[in-house]
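Containing PDB, C-alpha atoms: coords.pdb.
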```pdb
ATOM      1  CA  MET Q 152       0.000   0.000   0.000
ATOM      2  CA  ILE Q 153       1.367   3.386  -0.981
ATOM      3  CA  GLN Q 154       0.104   6.887  -0.288
ATOM      4  CA  LEU Q 155       1.229   9.845  -2.355
ATOM      5  CA  ALA Q 156       0.773  13.537  -1.634
ATOM      6  CA  GLN Q 157       1.956  16.539  -3.552
ATOM      7  CA  GLU Q 158       2.515  20.138  -2.447
ATOM      8  CA  THR Q 159       4.440  23.152  -3.682
ATOM      9  CA  ARG Q 160       6.964  24.809  -1.386
ATOM     10  CA  GLU Q 161       9.477  27.525  -2.239
ATOM     11  CA  GLY Q 162       9.373  26.706  -5.930
ATOM     12  CA  TRP Q 163       9.711  22.974  -5.378
ATOM     13  CA  CYS Q 164       7.048  20.383  -6.096
ATOM     14  CA  VAL Q 165       7.389  17.987  -3.162
ATOM     15  CA  VAL Q 166       6.027  14.471  -3.720
ATOM     16  CA  ALA Q 167       5.664  12.758  -0.353
ATOM     17  CA  VAL Q 168       5.713   8.958  -0.518
ATOM     18  CA  ARG Q 169       4.313   6.939   2.395
ATOM     19  CA  GLY Q 170       4.073   3.177   2.915
ATOM     20  CA  ARG Q 171       5.505   0.498   0.634
ATOM     21  CA  ALA Q 172       6.918   1.056  -2.842
ATOM     22  CA  ASP Q 173       6.675  -2.447  -4.284
ATOM     23  CA  SER Q 174       5.459  -3.986  -7.536
ATOM     24  CA  GLU Q 175       1.851  -3.313  -6.592
ATOM     25  CA  ALA Q 176       2.569   0.390  -6.138
ATOM     26  CA  ALA Q 177       5.280   0.905  -8.757
ATOM     27  CA  ASP Q 178       3.032   2.102 -11.590
ATOM     28  CA  GLU Q 179       1.235   4.569  -9.335
ATOM     29  CA  LEU Q 180       4.545   5.927  -8.044
ATOM     30  CA  GLU Q 181       6.099   6.219 -11.510
ATOM     31  CA  ASN Q 182       2.991   7.941 -12.904
ATOM     32  CA  ALA Q 183       2.928  10.422 -10.009
ATOM     33  CA  LEU Q 184       6.597  11.263 -10.491
ATOM     34  CA  ARG Q 185       6.179  11.615 -14.253
ATOM     35  CA  ALA Q 186       3.177  13.907 -13.765
ATOM     36  CA  ALA Q 187       5.105  16.059 -11.271
ATOM     37  CA  VAL Q 188       8.045  16.285 -13.679
ATOM     38  CA  GLU Q 189       5.706  17.213 -16.511
ATOM     39  CA  GLN Q 190       4.311  20.222 -14.636
ATOM     40  CA  ASN Q 191       7.190  21.517 -12.510
ATOM     41  CA  PRO Q 192      10.763  22.713 -13.022
ATOM     42  CA  ARG Q 193      11.953  21.306  -9.671
ATOM     43  CA  VAL Q 194      10.758  18.080  -8.049
ATOM     44  CA  ALA Q 195      11.764  16.689  -4.649
ATOM     45  CA  VAL Q 196      10.663  13.184  -3.677
ATOM     46  CA  ASN Q 197      10.231  12.973   0.080
ATOM     47  CA  LEU Q 198      10.846   9.385   1.225
ATOM     48  CA  TRP Q 199      10.780  10.092   4.959
ATOM     49  CA  SER Q 200       7.637   7.982   5.493
ATOM     50  CA  LEU Q 201       8.520   5.231   3.044
ATOM     51  CA  SER Q 202       8.910   2.009   5.007
ATOM     52  CA  TYR Q 203       9.935  -0.389   2.220
ATOM     53  CA  ILE Q 204      11.175  -0.241  -1.351
ATOM     54  CA  SER Q 205      11.578  -3.220  -3.686
ATOM     55  CA  SER Q 206      13.339  -3.446  -7.032
ATOM     56  CA  ALA Q 207      10.105  -2.454  -8.782
ATOM     57  CA  GLY Q 208       9.872   0.620  -6.541
ATOM     58  CA  LEU Q 209      13.474   1.574  -7.288
ATOM     59  CA  ARG Q 210      12.799   1.262 -11.008
ATOM     60  CA  ALA Q 211       9.809   3.593 -10.642
ATOM     61  CA  VAL Q 212      11.976   6.240  -8.944
ATOM     62  CA  LEU Q 213      14.699   5.762 -11.551
ATOM     63  CA  GLN Q 214      12.233   6.223 -14.398
ATOM     64  CA  GLY Q 215      10.945   9.388 -12.698
ATOM     65  CA  ALA Q 216      14.528  10.669 -12.604
ATOM     66  CA  ARG Q 217      14.943   9.673 -16.257
ATOM     67  CA  ALA Q 218      11.848  11.624 -17.262
ATOM     68  CA  ALA Q 219      13.167  14.636 -15.316
ATOM     69  CA  GLU Q 220      16.537  14.443 -17.022
ATOM     70  CA  ALA Q 221      14.892  14.302 -20.449
ATOM     71  CA  LYS Q 222      12.864  17.441 -19.628
ATOM     72  CA  GLY Q 223      15.685  19.317 -17.913
ATOM     73  CA  VAL Q 224      13.826  19.231 -14.580
ATOM     74  CA  GLU Q 225      15.787  19.268 -11.320
ATOM     75  CA  PHE Q 226      14.970  16.019  -9.481
ATOM     76  CA  LEU Q 227      15.996  15.213  -5.919
ATOM     77  CA  VAL Q 228      15.345  12.120  -3.818
ATOM     78  CA  CYS Q 229      15.293  13.185  -0.181
ATOM     79  CA  SER Q 230      15.182  11.940   3.398
ATOM     80  CA  PRO Q 231      15.116   8.158   2.999
ATOM     81  CA  ASN Q 232      15.007   6.346   6.349
ATOM     82  CA  ASN Q 233      17.832   3.967   7.220
ATOM     83  CA  SER Q 234      16.341   0.813   5.715
ATOM     84  CA  VAL Q 235      15.360   2.517   2.455
ATOM     85  CA  LYS Q 236      18.704   4.334   2.314
ATOM     86  CA  LYS Q 237      20.450   0.975   2.632
ATOM     87  CA  VAL Q 238      18.626  -0.265  -0.479
ATOM     88  CA  PHE Q 239      19.592   2.878  -2.408
ATOM     89  CA  ASP Q 240      23.199   2.523  -1.268
ATOM     90  CA  MET Q 241      23.400  -1.132  -2.286
ATOM     91  CA  SER Q 242      22.129  -0.414  -5.767
ATOM     92  CA  GLY Q 243      24.419   2.586  -6.185
ATOM     93  CA  LEU Q 244      21.547   4.765  -7.390
ATOM     94  CA  HIS Q 245      23.380   7.819  -6.054
ATOM     95  CA  HIS Q 246      25.671   7.456  -9.070
ATOM     96  CA  VAL Q 247      22.827   8.200 -11.468
ATOM     97  CA  MET Q 248      20.536  10.529  -9.486
ATOM     98  CA  LYS Q 249      20.771  13.068  -6.669
ATOM     99  CA  ILE Q 250      19.931  11.656  -3.251
ATOM    100  CA  GLN Q 251      20.198  13.797  -0.126
ATOM    101  CA  GLU Q 252      19.334  13.588   3.530
ATOM    102  CA  ARG Q 253      17.155  16.697   3.742
ATOM    103  CA  LEU Q 254      14.475  18.316   1.639
ATOM    104  CA  PRO Q 255      15.669  21.451  -0.198
ATOM    105  CA  CYS Q 256      12.762  23.509   1.160
TER     106      CYS Q 256
ATOM    107  CA  MET S 296       8.850  -7.262 -28.749
ATOM    108  CA  LEU S 297      11.612  -9.753 -27.974
ATOM    109  CA  THR S 298      12.132 -10.961 -24.438
ATOM    110  CA  MET S 299      15.330 -10.067 -22.590
ATOM    111  CA  LEU S 300      16.417 -13.700 -22.947
ATOM    112  CA  GLU S 301      15.867 -13.573 -26.712
ATOM    113  CA  GLU S 302      17.682 -10.248 -27.016
ATOM    114  CA  VAL S 303      20.762 -11.568 -25.256
ATOM    115  CA  VAL S 304      20.840 -14.839 -27.209
ATOM    116  CA  LEU S 305      20.435 -12.786 -30.397
ATOM    117  CA  LEU S 306      23.357 -10.618 -29.325
ATOM    118  CA  ALA S 307      25.447 -13.776 -29.002
ATOM    119  CA  VAL S 308      24.904 -14.614 -32.700
ATOM    120  CA  ASP S 309      27.866 -13.601 -34.854
ATOM    121  CA  GLU S 310      26.199 -11.606 -37.641
ATOM    122  CA  ARG S 311      28.882 -12.638 -40.176
ATOM    123  CA  THR S 312      28.989 -16.387 -39.559
ATOM    124  CA  GLY S 313      25.754 -17.190 -37.717
ATOM    125  CA  SER S 314      27.674 -19.032 -35.012
ATOM    126  CA  LEU S 315      26.980 -18.499 -31.322
ATOM    127  CA  ARG S 316      29.761 -16.727 -29.524
ATOM    128  CA  SER S 317      30.483 -16.729 -25.850
ATOM    129  CA  THR S 318      33.615 -16.080 -23.910
ATOM    130  CA  ARG S 319      32.339 -17.295 -20.541
ATOM    131  CA  GLU S 320      30.365 -20.501 -20.739
ATOM    132  CA  PHE S 321      29.178 -20.678 -17.161
ATOM    133  CA  GLY S 322      28.951 -16.920 -16.820
ATOM    134  CA  THR S 323      26.626 -16.946 -19.812
ATOM    135  CA  ALA S 324      24.490 -19.674 -18.243
ATOM    136  CA  TYR S 325      24.043 -17.638 -15.067
ATOM    137  CA  ALA S 326      23.375 -14.494 -17.065
ATOM    138  CA  LEU S 327      20.630 -16.215 -19.085
ATOM    139  CA  VAL S 328      18.951 -17.185 -15.839
ATOM    140  CA  GLY S 329      19.190 -13.516 -14.853
ATOM    141  CA  ALA S 330      17.568 -12.587 -18.173
ATOM    142  CA  VAL S 331      14.575 -14.831 -17.426
ATOM    143  CA  PHE S 332      14.101 -13.188 -14.032
ATOM    144  CA  PHE S 333      14.349  -9.755 -15.651
ATOM    145  CA  ASP S 334      11.658 -10.817 -18.123
ATOM    146  CA  LEU S 335       9.430 -11.942 -15.272
ATOM    147  CA  ALA S 336      10.087  -8.677 -13.426
ATOM    148  CA  LEU S 337       9.274  -6.617 -16.542
ATOM    149  CA  ALA S 338       6.050  -8.621 -16.911
ATOM    150  CA  ARG S 339       5.296  -7.727 -13.272
ATOM    151  CA  LYS S 340       5.148 -11.395 -12.251
ATOM    152  CA  ILE S 341       7.947 -11.271  -9.681
ATOM    153  CA  ASP S 342       9.576  -8.678  -7.488
ATOM    154  CA  THR S 343      12.828  -8.680  -5.528
ATOM    155  CA  ASP S 344      14.386  -6.805  -2.676
ATOM    156  CA  THR S 345      18.039  -6.875  -1.688
ATOM    157  CA  GLU S 346      17.990 -10.640  -1.058
ATOM    158  CA  THR S 347      14.622 -12.268  -1.658
ATOM    159  CA  ILE S 348      12.496 -12.954  -4.698
ATOM    160  CA  HIS S 349       8.757 -13.542  -4.701
ATOM    161  CA  ILE S 350       5.861 -13.994  -7.098
ATOM    162  CA  VAL S 351       3.403 -11.119  -7.225
ATOM    163  CA  ASP S 352       1.180 -12.440 -10.011
ATOM    164  CA  HIS S 353       0.705 -16.133 -10.783
ATOM    165  CA  THR S 354      -1.152 -15.654 -14.093
ATOM    166  CA  PRO S 355       0.738 -16.834 -17.209
ATOM    167  CA  THR S 356       2.625 -14.420 -19.451
ATOM    168  CA  GLY S 357       1.956 -16.353 -22.678
ATOM    169  CA  ASN S 358       5.660 -17.078 -23.146
ATOM    170  CA  SER S 359       6.354 -20.784 -22.576
ATOM    171  CA  THR S 360       9.818 -20.327 -21.020
ATOM    172  CA  LEU S 361       8.682 -17.643 -18.607
ATOM    173  CA  ASP S 362       5.535 -19.551 -17.676
ATOM    174  CA  ARG S 363       7.496 -22.731 -17.023
ATOM    175  CA  VAL S 364       9.835 -20.867 -14.668
ATOM    176  CA  LEU S 365       6.906 -19.111 -13.007
ATOM    177  CA  ALA S 366       5.195 -22.473 -12.445
ATOM    178  CA  GLN S 367       8.424 -23.908 -11.021
ATOM    179  CA  MET S 368       8.690 -20.991  -8.637
ATOM    180  CA  SER S 369       5.112 -21.525  -7.463
ATOM    181  CA  GLN S 370       5.941 -25.126  -6.595
ATOM    182  CA  ARG S 371       9.047 -24.330  -4.578
ATOM    183  CA  PRO S 372       8.096 -21.885  -1.821
ATOM    184  CA  ASP S 373      11.107 -23.159   0.138
ATOM    185  CA  LEU S 374      13.440 -21.297  -2.236
ATOM    186  CA  LYS S 375      13.241 -17.679  -1.219
ATOM    187  CA  THR S 376      16.412 -15.859  -2.181
ATOM    188  CA  VAL S 377      17.417 -14.580  -5.599
ATOM    189  CA  ARG S 378      20.662 -16.521  -5.277
ATOM    190  CA  ASP S 379      18.814 -19.810  -4.530
ATOM    191  CA  TRP S 380      16.742 -19.421  -7.685
ATOM    192  CA  ILE S 381      19.699 -18.478  -9.849
ATOM    193  CA  GLU S 382      21.442 -21.686  -8.747
ATOM    194  CA  GLU S 383      18.261 -23.735  -9.264
ATOM    195  CA  LEU S 384      17.703 -22.528 -12.830
ATOM    196  CA  PHE S 385      21.402 -22.643 -13.665
ATOM    197  CA  LEU S 386      20.939 -26.399 -14.077
ATOM    198  CA  GLU S 387      18.591 -25.711 -17.013
ATOM    199  CA  ARG S 388      20.944 -23.458 -18.917
ATOM    200  CA  ALA S 389      20.834 -25.421 -22.201
ATOM    201  CA  ASP S 390      17.037 -25.267 -22.296
ATOM    202  CA  LEU S 391      16.974 -21.516 -21.868
ATOM    203  CA  GLU S 392      19.340 -20.885 -24.779
ATOM    204  CA  GLY S 393      17.629 -23.510 -26.950
ATOM    205  CA  GLU S 394      14.156 -22.154 -26.260
ATOM    206  CA  ALA S 395      15.235 -18.590 -27.069
ATOM    207  CA  LEU S 396      16.831 -19.746 -30.334
ATOM    208  CA  ALA S 397      13.685 -21.705 -31.271
ATOM    209  CA  SER S 398      11.552 -18.657 -30.609
ATOM    210  CA  LEU S 399      13.852 -16.396 -32.674
ATOM    211  CA  ILE S 400      13.687 -18.901 -35.555
ATOM    212  CA  ALA S 401       9.899 -19.177 -35.276
ATOM    213  CA  SER S 402       9.514 -15.400 -35.387
ATOM    214  CA  GLY S 403      11.696 -15.138 -38.515
ATOM    215  CA  VAL S 404      14.661 -13.373 -36.931
ATOM    216  CA  LEU S 405      17.083 -16.304 -37.356
ATOM    217  CA  ARG S 406      17.249 -19.457 -39.423
ATOM    218  CA  HIS S 407      18.799 -22.767 -38.412
ATOM    219  CA  GLU S 408      21.544 -24.387 -40.487
ATOM    220  CA  LYS S 409      23.258 -27.699 -39.845
ATOM    221  CA  SER S 410      26.447 -28.752 -41.590
ATOM    222  CA  LYS S 411      29.392 -31.124 -41.119
ATOM    223  CA  LEU S 412      32.928 -30.123 -40.293
ATOM    224  CA  LEU S 413      35.463 -32.590 -41.776
ATOM    225  CA  TRP S 414      32.480 -34.796 -42.738
ATOM    226  CA  ILE S 415      32.064 -35.865 -39.093
ATOM    227  CA  ILE S 416      31.426 -33.043 -36.640
ATOM    228  CA  ASP S 417      27.969 -31.482 -36.621
ATOM    229  CA  VAL S 418      28.068 -27.707 -36.827
ATOM    230  CA  GLU S 419      25.016 -25.587 -36.084
ATOM    231  CA  ARG S 420      24.660 -22.013 -37.249
ATOM    232  CA  PHE S 421      21.926 -19.415 -36.817
ATOM    233  CA  PRO S 422      22.292 -16.812 -39.588
ATOM    234  CA  LEU S 423      20.273 -13.625 -39.288
ATOM    235  CA  VAL S 424      17.217 -13.482 -41.518
ATOM    236  CA  ASP S 425      16.081 -10.093 -40.251
ATOM    237  CA  ASN S 426      19.003  -7.861 -39.312
ATOM    238  CA  GLN S 427      16.892  -5.169 -37.671
ATOM    239  CA  PRO S 428      16.320  -6.661 -34.175
ATOM    240  CA  HIS S 429      20.040  -7.451 -33.869
ATOM    241  CA  GLU S 430      20.992  -3.882 -34.801
ATOM    242  CA  TYR S 431      18.346  -2.468 -32.462
ATOM    243  CA  VAL S 432      19.718  -4.406 -29.475
ATOM    244  CA  LYS S 433      23.290  -3.369 -30.286
ATOM    245  CA  THR S 434      22.316   0.278 -30.667
ATOM    246  CA  ARG S 435      20.473   0.380 -27.333
ATOM    247  CA  LEU S 436      23.328  -1.325 -25.564
ATOM    248  CA  ALA S 437      25.939   1.033 -26.992
ATOM    249  CA  HIS S 438      23.824   4.087 -26.189
ATOM    250  CA  ALA S 439      23.193   2.990 -22.594
ATOM    251  CA  ILE S 440      26.947   2.624 -22.031
ATOM    252  CA  LEU S 441      28.376   5.488 -24.059
ATOM    253  CA  SER S 442      25.904   8.204 -23.066
ATOM    254  CA  ASP S 443      25.597   9.754 -19.619
ATOM    255  CA  GLU S 444      21.800   9.675 -19.677
ATOM    256  CA  ILE S 445      19.772   7.599 -17.222
ATOM    257  CA  PRO S 446      18.886   4.538 -19.314
ATOM    258  CA  ASP S 447      15.522   2.875 -19.616
ATOM    259  CA  THR S 448      14.986   0.003 -17.145
ATOM    260  CA  ARG S 449      15.097  -2.548 -19.937
ATOM    261  CA  ASP S 450      18.421  -1.232 -21.234
ATOM    262  CA  ILE S 451      19.956  -1.327 -17.749
ATOM    263  CA  MET S 452      18.968  -4.995 -17.573
ATOM    264  CA  LEU S 453      20.340  -5.618 -21.066
ATOM    265  CA  VAL S 454      23.742  -4.140 -20.160
ATOM    266  CA  SER S 455      23.850  -6.289 -16.995
ATOM    267  CA  VAL S 456      23.122  -9.540 -18.813
ATOM    268  CA  ALA S 457      25.366  -8.801 -21.808
ATOM    269  CA  GLU S 458      28.245  -7.886 -19.502
ATOM    270  CA  ALA S 459      27.897 -11.111 -17.530
ATOM    271  CA  CYS S 460      27.844 -13.076 -20.809
ATOM    272  CA  GLY S 461      31.079 -11.388 -21.920
ATOM    273  CA  LEU S 462      29.340  -9.966 -24.994
ATOM    274  CA  LEU S 463      30.155  -6.260 -24.613
ATOM    275  CA  GLY S 464      33.477  -6.710 -26.434
ATOM    276  CA  TYR S 465      31.561  -7.605 -29.599
ATOM    277  CA  ILE S 466      29.626  -4.351 -29.508
ATOM    278  CA  LEU S 467      32.157  -1.798 -28.302
ATOM    279  CA  SER S 468      35.895  -1.379 -28.845
ATOM    280  CA  ASP S 469      38.424  -2.130 -26.099
ATOM    281  CA  ALA S 470      39.105   1.597 -25.798
ATOM    282  CA  GLU S 471      35.391   2.371 -25.362
ATOM    283  CA  LEU S 472      34.987  -0.369 -22.757
ATOM    284  CA  LYS S 473      38.029   0.863 -20.860
ATOM    285  CA  ARG S 474      36.819   4.469 -20.978
ATOM    286  CA  ARG S 475      33.302   3.492 -19.795
ATOM    287  CA  LYS S 476      34.320   0.868 -17.239
ATOM    288  CA  GLU S 477      32.932   2.893 -14.335
ATOM    289  CA  ARG S 478      29.623   3.500 -16.132
ATOM    290  CA  ILE S 479      29.282  -0.231 -16.878
ATOM    291  CA  GLY S 480      30.005  -0.967 -13.210
ATOM    292  CA  VAL S 481      27.285   1.467 -12.099
ATOM    293  CA  LEU S 482      24.662   0.063 -14.501
ATOM    294  CA  THR S 483      25.369  -3.576 -13.674
ATOM    295  CA  ASN S 484      25.048  -2.871  -9.953
ATOM    296  CA  LEU S 485      21.620  -1.199 -10.054
ATOM    297  CA  GLU S 486      19.514  -4.367 -10.081
ATOM    298  CA  THR S 487      19.465  -7.018  -7.338
ATOM    299  CA  ILE S 488      19.195  -9.776  -9.949
ATOM    300  CA  SER S 489      22.385  -8.714 -11.718
ATOM    301  CA  ARG S 490      24.258  -8.305  -8.430
ATOM    302  CA  LYS S 491      23.282 -11.864  -7.491
ATOM    303  CA  VAL S 492      24.205 -13.196 -10.942
ATOM    304  CA  ARG S 493      27.632 -11.596 -10.482
ATOM    305  CA  GLU S 494      27.982 -13.182  -7.026
ATOM    306  CA  ALA S 495      27.070 -16.588  -8.462
ATOM    307  CA  ILE S 496      29.657 -16.255 -11.253
ATOM    308  CA  LEU S 497      32.261 -15.128  -8.738
ATOM    309  CA  GLY S 498      31.411 -18.096  -6.503
ATOM    310  CA  LEU S 499      31.793 -20.459  -9.452
ATOM    311  CA  ASP S 500      35.162 -18.913 -10.398
ATOM    312  CA  GLN S 501      36.383 -19.329  -6.816
ATOM    313  CA  SER S 502      35.229 -22.971  -6.716
ATOM    314  CA  ALA S 503      36.981 -23.640 -10.029
ATOM    315  CA  ARG S 504      40.189 -22.005  -8.761
ATOM    316  CA  ALA S 505      40.051 -24.031  -5.536
ATOM    317  CA  ALA S 506      39.523 -27.255  -7.501
ATOM    318  CA  THR S 507      42.451 -26.417  -9.819
ATOM    319  CA  THR S 508      44.685 -25.736  -6.828
ATOM    320  CA  ARG S 509      43.737 -29.085  -5.262
ATOM    321  CA  VAL S 510      44.497 -30.945  -8.501
ATOM    322  CA  MET S 511      47.889 -29.269  -8.803
TER     323      MET S 511
END
```

Once more with this new file: its structure as structure tokens, please.
Amino acid sequence: MIQLAQETREGWCVVAVRGRADSEAADELENALRAAVEQNPRVAVNLWSLSYISSAGLRAVLQGARAAEAKGVEFLVCSPNNSVKKVFDMSGLHHVMKIQERLPC
Amino acid sequence: MLTMLEEVVLLAVDERTGSLRSTREFGTAYALVGAVFFDLALARKIDTDTETIHIVDHTPTGNSTLDRVLAQMSQRPDLKTVRDWIEELFLERADLEGEALASLIASGVLRHEKSKLLWIIDVERFPLVDNQPHEYVKTRLAHAILSDEIPDTRDIMLVSVAEACGLLGYILSDAELKRRKERIGVLTNLETISRKVREAILGLDQSARAATTRVM
């Protein structure tokens, strides 16, 4: 189960992701990120309340980042908790997208 | 659209001679297993985390190889990790390659030729009938490695499997591979399945080295 919320703060579109980003939720997550990228010049994905991410979830985030890159949109992945951060670290996603501990706004 | 397994087997066909090329026999076998899992993941039938693999949808894909593996997975709930399943399917490596070749022949991409070498030895070749899919796979692979863009999920998987099969040297020059070594390392690390395939190959290499040392 995933819950997504979107708000605009200081010029950033913040997409807050709560719950589990797994294969069941991957399409919803990817579509939300693509939609945010389509409409905003700067997108921050807030993973503070994300409890679990699977390979399908990672692919959804990666494809969001890919869409942002293609459109020249700034795209940040922010505030993953320790268990989610561990998954990002293991996959080395920080080599292909920006991941940081705090939100930019 | 070709499956990941078919794309990698197609990549292994020498476009000039129609012979199958591979520099790492067992590495290729593990990588083909990885390709099947990637196909199942792309079809949203399985999902993985950093260690485990599980079925998320039991309904058939329509592809006989994928459905056979999916059915096998359903019957073995005791096997839970990606590594366990890679080792389990590794035993079927000949089937995977053979099934992909049969499918590529059936869809008109390849044709099958049998001949004799020195009147005795059977030689099998798979000349390209339609050059386009082969070129398409090569182009995507080269672009994923040589550009700095974030690749499509499918192309990340393709790079991972082709690298494990030792096929990148047929697509890119030594200089290009050397220059993009770091990029290849990053792409092949992104997916759990490819990390576990790499571990399995490494484990096999270590076992082989240990066995050689004992013999000596």

Selection dump of the PyMOL selection byres ((chain S) within 10 of (chain Q)), as a ChimeraX atom specification: /S:336-337,339-345,347-348,351-352,443-449,478,480-488,490

Nearest residue to Leu467 of chain S from the set S:Val454, S:Ala495, S:Val331, S:Ala437 (distances using all atoms listed in the file): S:Ala437

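For the choices Q:Pro231, Q:Val224, Q:Gln251, Q:Lys236, the atom-to-atom distance to Val194 of chain Q is smallest for Q:Val224 when using only C-alpha atoms.
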
Matched chain/residue IDs from the PyMOL selection byres ((chain S and resi 397-404) around 8), as a list in words: Glu301, Leu305, Gly393, Glu394, Ala395, Leu396, Leu405, Arg406, His407, Leu423, Val424, Asp425, Asn426 and Pro428 of chain S

Residue members of the PyMOL selection byres ((chain Q and resi 187) around 12) in the file shown, as number ranges by chain: Q: 155-159, 163-167, 180-186, 188-196, 215-216, 218-219, 222, 224-226

Please produce a file of those selected residues containing C-alpha atoms, as an mmCIF file, in the coordinates of the input.
```cif
data_model
loop_
_atom_site.group_PDB
_atom_site.id
_atom_site.type_symbol
_atom_site.label_atom_id
_atom_site.label_comp_id
_atom_site.auth_asym_id
_atom_site.auth_seq_id
_atom_site.Cartn_x
_atom_site.Cartn_y
_atom_site.Cartn_z
ATOM 1 C CA LEU Q 155 1.229 9.845 -2.355
ATOM 2 C CA ALA Q 156 0.773 13.537 -1.634
ATOM 3 C CA GLN Q 157 1.956 16.539 -3.552
ATOM 4 C CA GLU Q 158 2.515 20.138 -2.447
ATOM 5 C CA THR Q 159 4.440 23.152 -3.682
ATOM 6 C CA TRP Q 163 9.711 22.974 -5.378
ATOM 7 C CA CYS Q 164 7.048 20.383 -6.096
ATOM 8 C CA VAL Q 165 7.389 17.987 -3.162
ATOM 9 C CA VAL Q 166 6.027 14.471 -3.720
ATOM 10 C CA ALA Q 167 5.664 12.758 -0.353
ATOM 11 C CA LEU Q 180 4.545 5.927 -8.044
ATOM 12 C CA GLU Q 181 6.099 6.219 -11.510
ATOM 13 C CA ASN Q 182 2.991 7.941 -12.904
ATOM 14 C CA ALA Q 183 2.928 10.422 -10.009
ATOM 15 C CA LEU Q 184 6.597 11.263 -10.491
ATOM 16 C CA ARG Q 185 6.179 11.615 -14.253
ATOM 17 C CA ALA Q 186 3.177 13.907 -13.765
ATOM 18 C CA VAL Q 188 8.045 16.285 -13.679
ATOM 19 C CA GLU Q 189 5.706 17.213 -16.511
ATOM 20 C CA GLN Q 190 4.311 20.222 -14.636
ATOM 21 C CA ASN Q 191 7.190 21.517 -12.510
ATOM 22 C CA PRO Q 192 10.763 22.713 -13.022
ATOM 23 C CA ARG Q 193 11.953 21.306 -9.671
ATOM 24 C CA VAL Q 194 10.758 18.080 -8.049
ATOM 25 C CA ALA Q 195 11.764 16.689 -4.649
ATOM 26 C CA VAL Q 196 10.663 13.184 -3.677
ATOM 27 C CA GLY Q 215 10.945 9.388 -12.698
ATOM 28 C CA ALA Q 216 14.528 10.669 -12.604
ATOM 29 C CA ALA Q 218 11.848 11.624 -17.262
ATOM 30 C CA ALA Q 219 13.167 14.636 -15.316
ATOM 31 C CA LYS Q 222 12.864 17.441 -19.628
ATOM 32 C CA VAL Q 224 13.826 19.231 -14.580
ATOM 33 C CA GLU Q 225 15.787 19.268 -11.320
ATOM 34 C CA PHE Q 226 14.970 16.019 -9.481
#
```

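Taking atom CA of Leu497 of chain S and atom CA of Tyr325 of chain S as the two end points, the separation is 10.7 Å.
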
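Going from atom CA of Ser410 of chain S to atom CA of Asp309 of chain S covers 16.6 Å.
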
Find the spatial neighbours of segment 470-472 of chain S, counting only C-alpha atoms, within a cut-off of 8 Å - ignore same-chain residues fewer than 5 positions away - and output them as a CSV table (one decimal) with C-alpha atoms, in the coordinates of the input.
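Result file follows (around32.csv):
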```
chain,number,residue,atom,x,y,z
S,441,LEU,CA,28.4,5.5,-24.1
S,463,LEU,CA,30.2,-6.3,-24.6
S,464,GLY,CA,33.5,-6.7,-26.4
```

Separation of atom CA of Val212 of chain Q from atom CA of Met299 of chain S in Å: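 Computed distance, atom CA of Met299 of chain S to atom CA of Val212 of chain Q, equals 21.5 Å.
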